[in-house]
Each structure stands twice: as C-alpha cells, then as structure tokens.
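Student: Input: one structure, supplied below.
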Amino acid sequence: MNELEVRELRYFIAVAEELNFSRAAGRLGMAQPPLSKAIAQMESRLGVRLLERTTRQVSLTNAGLVLLDQARIAVDAVHAAARRARRAGQPAPRLVVAVKPAGDAGLLREILAAYREAGSHLPPPEVVVGGSGEPVAMLRDGRADVALLRSPFDGQGLDSETLVIEPRLAVLPAGHRLAGRRRLRPADLEGEPIPRWKGAAPSATAYDGREAGDGPTGPAPADPPEGPLVSGVEQLLEVVALGQAVAFLARSTTERHQRPDVVYRPVTGLSPSAVMVAWPETSRSAAVAAFVQAAHDVAAHHPDHMTGLAGY
C-alpha cells in the first residue's frame, strides 16, 4: 500500500473539518470533483471508509476520526520540520525559548544565565513572550525550540519535566465579602465567576483550581460561571478589582503583582501550579538539551522544587 501524501492529508482535514465537500474545496482553492476523487482514492488505498456520505450530510466514521487526529499531527510535524530546518540553516541560528507572562515562576533569567555558561558553542537564546496557549503552539509549529509552561497543557507530541510546584492563591477584590478571612475553602467561592483566558480551551478557561473527582474537599463542583475574557495577568487583576470575577494565580505571580485593590488568600484544597520545561519529543538538539539541564539545575535550588530530571 502506498503511503498517504501530505497533500492528501490536507485535503482530508479540510473535508473532515467542514463536513461539506463544496466548502472544503473552496477552502483549498480547488474544484469539488478532484477533491471527491482524492478522498475516494485514499479510502480505496486504506481499505476503510473515512466518511459516510448522504445527499444531506457528510459524517466521519471511526476510522475517519482516527485519521483526522493523526493527520493534524502529521501535517503540523511536516510544517514544523520545514520551519526548524530553515531556522537551523540561518547564518546565526538561535535557540528560541517561548514563555507567557508570569509563566516562569521567576526562573527564566537564572536559566538563561546558566545556559550561557554551559558553553560558547551553543546558539544564543532568544526569548519570545506569547499569550495564553501561544508557547505550546509555537513548540508544535516549529517557531520555538523549548518553552516554559504552566500546567495544565496539552502535552501530545511533547516531552516535559516539572521544575517547580507552587501553591496558588485566590484573587479577590479588596472589598469582597471574603477579603477579611485569612484562609478560604473552595466551597466559599462556589458560584463566583472565573475569568476566561483568551485563546485557551473551554476546560482551561473555567478551571477553578481543584482536581477533578474526589479530593480533600469532596467531589469537584460544576463549572463556575464564566467571567470576562482576559488576555493577560494585568487585565485579569483589573476585572477582579472591579468586582467582575475572582481568580486563582500562582504564588510567584501574586508576589510580582501587589496592588491595593485586590487581596490574595490561600485556599484549602486548591490544586498547585506546576512550572514545566517542554520541548518536541522528536528533538535531538544539543542546545535544547543544555537548556533543559540548565532549567533543572536552577530549579533544584528553588524552594518549590519537587522533582528530579528524568533525562533528556
């Protein structure tokens, strides 16, 4: 059986996402008949039906669902490989490090210093600061070589190591009914709206800080009401200060953002925030390995260091 080509995978992804051959053909900039023929040839070569077609609708079979998931990964990997090859071939290649604001627990400057001390043969680091979800996307599409991320994130196709695990605190308006308490329980905050992170998956935007299932405080409650859409910590703090929501932030982030119109309170049973270093699982870069080692060495002296390096 001949292997599927990237072009064919792109065709299938368009049809699978649109579930309409006419729209998919328009999206691809081609006529519908050759697109239909290409999909039929894929099914013939694979020996399975990928799509169920009627006069009214198109739907994915189980085989089609699997291929859609794997095709996206494959196409992304091809694009990422090309982008990384172009960057590696530049006269002065760099190690691109992705991070979002307040996403490093204060470790990044020390990690960069330790990386530079590892040897002059290593390419210089270039830090790119992105919004919510961007560092992971940059790792997948080849724009970044390594990233510092906060859990939870989609780790498919990535290797990672936990550097520090730090507590998170509730963020309340200074005039909130609970602001005077020294410690809160998750039940105290039920029904409070939670800000939604721009660009994050729905499950992450409403994430209220407790692990799913039973825990110290019992079963996790229903998702909290959705608060305003925010794209950064400063905007999040502003909507909290205005009384539009409450939020949860890692301790290191709260230490960097002290302001009189919000208060930070510990919450019993609140899940912690892990800062992780992540890189593509296919990477064999000596520079990435040196950065991961530098990250581990720096984190080992951090008071919230909780894990060892399993090996790059």
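The chains in the structure tokens are called A, B, ... from first to last as shown; in each chain the residues are counted from 1, and the ligands are counted from 1 in the order shown.
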Considering only C-alpha atoms, return as a list in words whatever protein or nucleic-acid residues lie within 8 Å of region 289-304 of chain A, sequence-local ones (same chain, fewer than 3 positions apart) excluded.

Tutor: Leu107, Glu110, Ile111, Leu112, Ala114, Tyr115, Ala118, Leu163, Val164, Ile165, Glu166, Val277, Arg284, Ser285, Ala286, Gly308, Leu309 and Tyr312 of chain A

Student: Find the residues near Leu242 (chain A): any atom within 12 Å, counting only C-alpha atoms, skip ones fewer than 3 places away on the same chain, and give them as a PDB file with N, CA, C and O atoms, in the first residue's frame.

Tutor:
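As written to disk, part03.pdb reads:
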ATOM      1  N   VAL A 171      -7.672  35.216  44.178  1.00  0.00           N
ATOM      2  CA  VAL A 171      -7.543  36.658  43.978  1.00  0.00           C
ATOM      3  C   VAL A 171      -8.937  37.259  44.103  1.00  0.00           C
ATOM      4  O   VAL A 171      -9.842  36.911  43.342  1.00  0.00           O
ATOM      5  N   LEU A 172      -9.109  38.168  45.066  1.00  0.00           N
ATOM      6  CA  LEU A 172     -10.418  38.755  45.357  1.00  0.00           C
ATOM      7  C   LEU A 172     -10.337  40.276  45.305  1.00  0.00           C
ATOM      8  O   LEU A 172      -9.281  40.861  45.584  1.00  0.00           O
ATOM      9  N   PRO A 173     -11.444  40.942  44.979  1.00  0.00           N
ATOM     10  CA  PRO A 173     -11.466  42.400  45.123  1.00  0.00           C
ATOM     11  C   PRO A 173     -11.249  42.769  46.590  1.00  0.00           C
ATOM     12  O   PRO A 173     -11.666  42.033  47.501  1.00  0.00           O
ATOM     13  N   ALA A 174     -10.601  43.883  46.834  1.00  0.00           N
ATOM     14  CA  ALA A 174     -10.319  44.284  48.217  1.00  0.00           C
ATOM     15  C   ALA A 174     -11.595  44.419  49.042  1.00  0.00           C
ATOM     16  O   ALA A 174     -11.579  44.207  50.257  1.00  0.00           O
ATOM     17  N   GLY A 175     -12.712  44.745  48.407  1.00  0.00           N
ATOM     18  CA  GLY A 175     -13.961  44.905  49.131  1.00  0.00           C
ATOM     19  C   GLY A 175     -14.850  43.680  49.118  1.00  0.00           C
ATOM     20  O   GLY A 175     -16.033  43.761  49.491  1.00  0.00           O
ATOM     21  N   HIS A 176     -14.334  42.543  48.722  1.00  0.00           N
ATOM     22  CA  HIS A 176     -15.128  41.312  48.634  1.00  0.00           C
ATOM     23  C   HIS A 176     -15.569  40.859  50.020  1.00  0.00           C
ATOM     24  O   HIS A 176     -14.865  41.086  51.015  1.00  0.00           O
ATOM     25  N   GLY A 227     -16.569  34.330  33.671  1.00  0.00           N
ATOM     26  CA  GLY A 227     -16.332  35.750  33.841  1.00  0.00           C
ATOM     27  C   GLY A 227     -15.836  36.369  32.552  1.00  0.00           C
ATOM     28  O   GLY A 227     -15.904  35.761  31.482  1.00  0.00           O
ATOM     29  N   PRO A 228     -15.297  37.575  32.623  1.00  0.00           N
ATOM     30  CA  PRO A 228     -14.828  38.273  31.424  1.00  0.00           C
ATOM     31  C   PRO A 228     -13.673  37.538  30.732  1.00  0.00           C
ATOM     32  O   PRO A 228     -12.925  36.783  31.366  1.00  0.00           O
ATOM     33  N   GLN A 235      -4.769  42.405  32.936  1.00  0.00           N
ATOM     34  CA  GLN A 235      -6.190  42.525  32.619  1.00  0.00           C
ATOM     35  C   GLN A 235      -7.025  41.697  33.592  1.00  0.00           C
ATOM     36  O   GLN A 235      -8.098  42.121  34.029  1.00  0.00           O
ATOM     37  N   LEU A 236      -6.535  40.511  33.941  1.00  0.00           N
ATOM     38  CA  LEU A 236      -7.239  39.678  34.915  1.00  0.00           C
ATOM     39  C   LEU A 236      -7.384  40.400  36.249  1.00  0.00           C
ATOM     40  O   LEU A 236      -8.465  40.414  36.857  1.00  0.00           O
ATOM     41  N   LEU A 237      -6.307  41.007  36.719  1.00  0.00           N
ATOM     42  CA  LEU A 237      -6.360  41.713  38.004  1.00  0.00           C
ATOM     43  C   LEU A 237      -7.310  42.897  37.942  1.00  0.00           C
ATOM     44  O   LEU A 237      -7.974  43.225  38.929  1.00  0.00           O
ATOM     45  N   GLU A 238      -7.390  43.521  36.783  1.00  0.00           N
ATOM     46  CA  GLU A 238      -8.277  44.674  36.651  1.00  0.00           C
ATOM     47  C   GLU A 238      -9.741  44.247  36.761  1.00  0.00           C
ATOM     48  O   GLU A 238     -10.535  44.910  37.449  1.00  0.00           O
ATOM     49  N   VAL A 239     -10.120  43.140  36.095  1.00  0.00           N
ATOM     50  CA  VAL A 239     -11.520  42.718  36.179  1.00  0.00           C
ATOM     51  C   VAL A 239     -11.855  42.210  37.577  1.00  0.00           C
ATOM     52  O   VAL A 239     -12.982  42.361  38.057  1.00  0.00           O
ATOM     53  N   ALA A 245     -15.168  39.321  38.809  1.00  0.00           N
ATOM     54  CA  ALA A 245     -14.793  37.915  38.898  1.00  0.00           C
ATOM     55  C   ALA A 245     -13.839  37.731  40.068  1.00  0.00           C
ATOM     56  O   ALA A 245     -13.335  38.713  40.645  1.00  0.00           O
ATOM     57  N   VAL A 246     -13.588  36.476  40.409  1.00  0.00           N
ATOM     58  CA  VAL A 246     -12.465  36.113  41.265  1.00  0.00           C
ATOM     59  C   VAL A 246     -11.563  35.218  40.422  1.00  0.00           C
ATOM     60  O   VAL A 246     -11.978  34.707  39.375  1.00  0.00           O
ATOM     61  N   ASP A 261      -6.003  47.240  45.460  1.00  0.00           N
ATOM     62  CA  ASP A 261      -7.420  46.970  45.217  1.00  0.00           C
ATOM     63  C   ASP A 261      -7.757  45.492  45.062  1.00  0.00           C
ATOM     64  O   ASP A 261      -8.887  45.129  44.756  1.00  0.00           O
ATOM     65  N   VAL A 262      -6.754  44.596  45.264  1.00  0.00           N
ATOM     66  CA  VAL A 262      -7.026  43.166  45.283  1.00  0.00           C
ATOM     67  C   VAL A 262      -6.316  42.547  46.478  1.00  0.00           C
ATOM     68  O   VAL A 262      -5.337  43.100  46.993  1.00  0.00           O
TER      69      VAL A 262
END

Student: Compile the contact shell of Asp159 (chain A) as a list in words: residues with an atom at most 9 Å away, counting only C-alpha atoms, same-chain residues fewer than 3 positions apart removed.

Tutor: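 Near neighbours after the sequence-gap exclusion: Gly155, Gln156, Val277, Ala278, Trp279, Pro280, Glu281, Thr282 and Tyr312 of chain A.
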
Student: Set the distance at 6 Å and use only C-alpha atoms: which residues neighbour Ala24 (chain A) once local chain neighbours fewer than 6 positions away are removed? I'd like the list as a PyMOL selection string.

Tutor: chain A and resi 14-15+18

Student: Would you put the residues from that selection into a file with N, CA, C and O atoms, as an mmCIF file, in the first residue's frame?

Tutor:
data_model
loop_
_atom_site.group_PDB
_atom_site.id
_atom_site.type_symbol
_atom_site.label_atom_id
_atom_site.label_comp_id
_atom_site.auth_asym_id
_atom_site.auth_seq_id
_atom_site.Cartn_x
_atom_site.Cartn_y
_atom_site.Cartn_z
ATOM 1 N N ALA A 14 -9.459 19.202 5.560
ATOM 2 C CA ALA A 14 -10.434 20.219 5.159
ATOM 3 C C ALA A 14 -11.834 19.637 5.088
ATOM 4 O O ALA A 14 -12.802 20.225 5.584
ATOM 5 N N VAL A 15 -11.976 18.467 4.469
ATOM 6 C CA VAL A 15 -13.298 17.842 4.355
ATOM 7 C C VAL A 15 -13.810 17.440 5.739
ATOM 8 O O VAL A 15 -14.984 17.648 6.067
ATOM 9 N N GLU A 18 -14.877 20.637 7.661
ATOM 10 C CA GLU A 18 -16.031 21.328 7.075
ATOM 11 C C GLU A 18 -17.265 20.430 7.017
ATOM 12 O O GLU A 18 -18.396 20.917 7.059
#

Student: Can you list, as number ranges by chain, every protein, DNA or RNA residue that comes within 12 Å of Leu149 (chain A) when you count only C-alpha atoms, leaving out same-chain residues fewer than 6 positions away?

Tutor: A: 97-105, 107-108, 129-139, 155, 158-165, 273-279

Student: Find the spatial neighbours of region 59-68 of chain A, counting only C-alpha atoms, within a cut-off of 10 Å - ignore same-chain residues fewer than 3 positions away - and output them as a PyMOL selection string.

Tutor: chain A and resi 9-10+12-20+43+46+48-54+71-74

Student: Could you take the residues named above and write them with C-alpha atoms, as an mmCIF file, in the first residue's frame?

Tutor:
data_model
loop_
_atom_site.group_PDB
_atom_site.id
_atom_site.type_symbol
_atom_site.label_atom_id
_atom_site.label_comp_id
_atom_site.auth_asym_id
_atom_site.auth_seq_id
_atom_site.Cartn_x
_atom_site.Cartn_y
_atom_site.Cartn_z
ATOM 1 C CA LEU A 9 -3.880 14.670 4.379
ATOM 2 C CA ARG A 10 -4.553 18.374 3.897
ATOM 3 C CA PHE A 12 -8.906 15.110 4.184
ATOM 4 C CA ILE A 13 -8.511 17.560 7.079
ATOM 5 C CA ALA A 14 -10.434 20.219 5.159
ATOM 6 C CA VAL A 15 -13.298 17.842 4.355
ATOM 7 C CA ALA A 16 -13.358 16.401 7.883
ATOM 8 C CA GLU A 17 -13.485 19.860 9.472
ATOM 9 C CA GLU A 18 -16.031 21.328 7.075
ATOM 10 C CA LEU A 19 -18.114 18.123 6.669
ATOM 11 C CA ASN A 20 -19.044 19.578 3.314
ATOM 12 C CA GLU A 43 -10.312 5.241 1.152
ATOM 13 C CA LEU A 46 -6.503 2.382 3.095
ATOM 14 C CA VAL A 48 -11.628 1.588 5.014
ATOM 15 C CA ARG A 49 -14.389 4.145 4.747
ATOM 16 C CA LEU A 50 -13.379 7.502 6.199
ATOM 17 C CA LEU A 51 -16.630 9.351 5.552
ATOM 18 C CA GLU A 52 -20.302 8.479 5.462
ATOM 19 C CA ARG A 53 -21.967 10.421 2.649
ATOM 20 C CA THR A 54 -25.634 11.015 2.075
ATOM 21 C CA ALA A 71 -3.382 13.789 10.086
ATOM 22 C CA ARG A 72 -3.364 17.034 12.029
ATOM 23 C CA ILE A 73 -0.314 15.851 13.972
ATOM 24 C CA ALA A 74 1.459 14.723 10.798
#

Student: Using DSSP secondary structure from the backbone, list all alpha helix (DSSP H) positions within region 15-45 of chain A, as a list of chain:residue names.

Tutor: A:Val15, A:Ala16, A:Glu17, A:Glu18, A:Phe21, A:Ser22, A:Arg23, A:Ala24, A:Ala25, A:Gly26, A:Arg27, A:Leu28, A:Gln32, A:Pro33, A:Pro34, A:Leu35, A:Ser36, A:Lys37, A:Ala38, A:Ile39, A:Ala40, A:Gln41, A:Met42, A:Glu43, A:Ser44, A:Arg45

Student: Quick one: write out the picked residues with C-alpha atoms as a compact mmCIF listing (two decimals), in the first residue's frame?

Tutor:
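selection35.txt written:
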# COMPACT_ATOMS: atom_id res chain seq x y z
CA VAL A 15 -13.30 17.84 4.36
CA ALA A 16 -13.36 16.40 7.88
CA GLU A 17 -13.48 19.86 9.47
CA GLU A 18 -16.03 21.33 7.08
CA PHE A 21 -17.17 18.94 0.05
CA SER A 22 -18.13 22.26 -1.53
CA ARG A 23 -16.91 24.32 1.44
CA ALA A 24 -13.76 22.21 1.73
CA ALA A 25 -12.99 22.67 -1.98
CA GLY A 26 -13.44 26.43 -1.64
CA ARG A 27 -11.16 26.48 1.39
CA LEU A 28 -8.49 24.57 -0.56
CA GLN A 32 -15.03 19.77 -5.91
CA PRO A 33 -14.76 16.77 -8.33
CA PRO A 34 -10.97 16.29 -7.94
CA LEU A 35 -11.32 16.66 -4.17
CA SER A 36 -14.02 13.97 -4.04
CA LYS A 37 -11.86 11.73 -6.24
CA ALA A 38 -8.81 12.22 -3.98
CA ILE A 39 -10.78 11.24 -0.87
CA ALA A 40 -12.21 8.16 -2.62
CA GLN A 41 -8.69 7.12 -3.65
CA MET A 42 -7.50 7.50 -0.04
CA GLU A 43 -10.31 5.24 1.15
CA SER A 44 -9.50 2.68 -1.53
CA ARG A 45 -5.81 2.58 -0.64

Student: Identify all residues of region 33-274 of chain A in strand (DSSP E) (DSSP on the backbone) and supply them as an NGL selection string.

Tutor: :A and (51-53 or 58-60 or 95-99 or 125-129 or 146-150 or 158-166 or 168-173 or 194-197 or 226-230 or 247-250 or 262-266 or 273-274)
